[in-house]
Amino acid sequence: MGRGRVELKRIENKINRQVTFAKRRNGLLKKAYELSVLCDAEVALIIFSNRGKLYEFCSSSSMLKTLDRYQKCNYGAPEPSVSTREALELSSQQEYLKLKARYEALQRTQRNLLGEDLGPLSSKDLETLERQLDMSLKQIRSTRTQAMLDTLQDLQRKEHALNEANKSLKQRLFEGSQISLQWNPNTAEEVHHHHQHHQPQPGDGPFFHPLHSCEPTLHIGYQNHDAITAAAAGPSVNNYMSGWLP
């Protein structure tokens with residue numbers, strides 16, 4: 001019993017529609033590949049899903065070359081009867097198509113580098129993409145390492161310059177001290193004697209003051225004739241109290 005004919009119409013069920021699209025898309029890509037291998041034909045296949053996702057296959061090394069060949073076949077040199085304006089419009093249209101194809105190819109390459117839309121890629125394309133990523137990663141690491149080495153060398157040069165400046169300052173200070181000693185040969189001895197003369201005594205301190213030259217200001221039970229005379233004359237300038245005993 002033969003298989004019945006399937007009616008071609010839009011699949012209403014969303015899940016069934018996505019499953020059918022994935023199966024038929026893979027089958028179409030496989031057929032395009034087989035056609036290019038078996039018949040040695042240059043095949044280019046472009047598919048856009050209902051979500052705007054791009055799927056493509058190209059038997060040549062570049063999709064742009066195949067599209068350029070297609071554009072040359074369909075939009076060749078204008079016939080002599082075509083006016084200059086029409087020729088200009090046709091040339092602009094061709095340039096627009098080229099730029100559009102290149103833009104889409106760059107977008108596709110960028111998505112592939114980000115790990116997206118890898119389904120249509122063959123194993124060979126995946127290996128090529130992996131090599132490109134490895135080379136890019138090596139280049140990034142090499143550039144970063146070189147930048148770190150340059151920074152380190154710059155810091156080492158600054159350190160060497162600071163050390164040289166420090167040595168120069170020490171040498172100038174030493175030469176200045178030598179010149180000062182040559183002009184004042186007794187300076188060292190004077191400083192030494194001055195230091196010995198002002199040596200602190202064992203009992204010295206910030207709150208101790210010797211009272212050898214001071215006289216007592218209060219005398220109790222002792223009559224001093226001079227003090228009595230001074231008291232009779234008037235107030236004492238030395239704060240002595242007059243005798244109070246008879």
# chains A, B, ... in the order shown; residues from 1 in each chain; ligands from 1
>>> select_by_dssp(residues="stretch 69-162 of chain A", states="helix (DSSP H, G or I)", output="PyMOL selection string")
chain A and resi 69-74+84-113+123-162
>>> residues_around(residues="stretch 43-53 of chain A", least_positions_apart="4", cutoff="9 Å", atoms="only C-alpha atoms", output="ChimeraX atom specification")
/A:21,25,28-29,32-33,35-36,57-60,63,66-67,117
>>> write_last_selection(atoms="C-alpha atoms", output="compact mmCIF listing (two decimals), in the first residue's frame")
# COMPACT_ATOMS: atom_id res chain seq x y z
CA PHE A 21 11.34 22.90 9.84
CA ARG A 25 16.17 22.12 6.82
CA LEU A 28 17.81 20.29 2.37
CA LEU A 29 21.32 21.17 3.56
CA ALA A 32 22.77 20.59 -1.31
CA TYR A 33 26.02 19.11 -0.03
CA LEU A 35 24.67 17.72 -5.10
CA SER A 36 27.89 19.75 -4.86
CA PHE A 57 25.44 26.31 2.96
CA CYS A 58 28.07 27.11 0.37
CA SER A 59 30.16 24.57 -1.50
CA SER A 60 32.83 27.12 -2.39
CA MET A 63 29.62 32.69 0.08
CA THR A 66 29.21 32.69 -5.10
CA LEU A 67 26.90 35.66 -4.57
CA ASP A 117 24.25 29.29 15.09
>>> atom_distance(atom1="atom CA of A:Leu88", atom2="atom CA of A:Arg69")
19.7 Å
>>> atom_distance(atom1="atom CA of A:Ile11", atom2="atom CA of A:Leu54")
20.6 Å
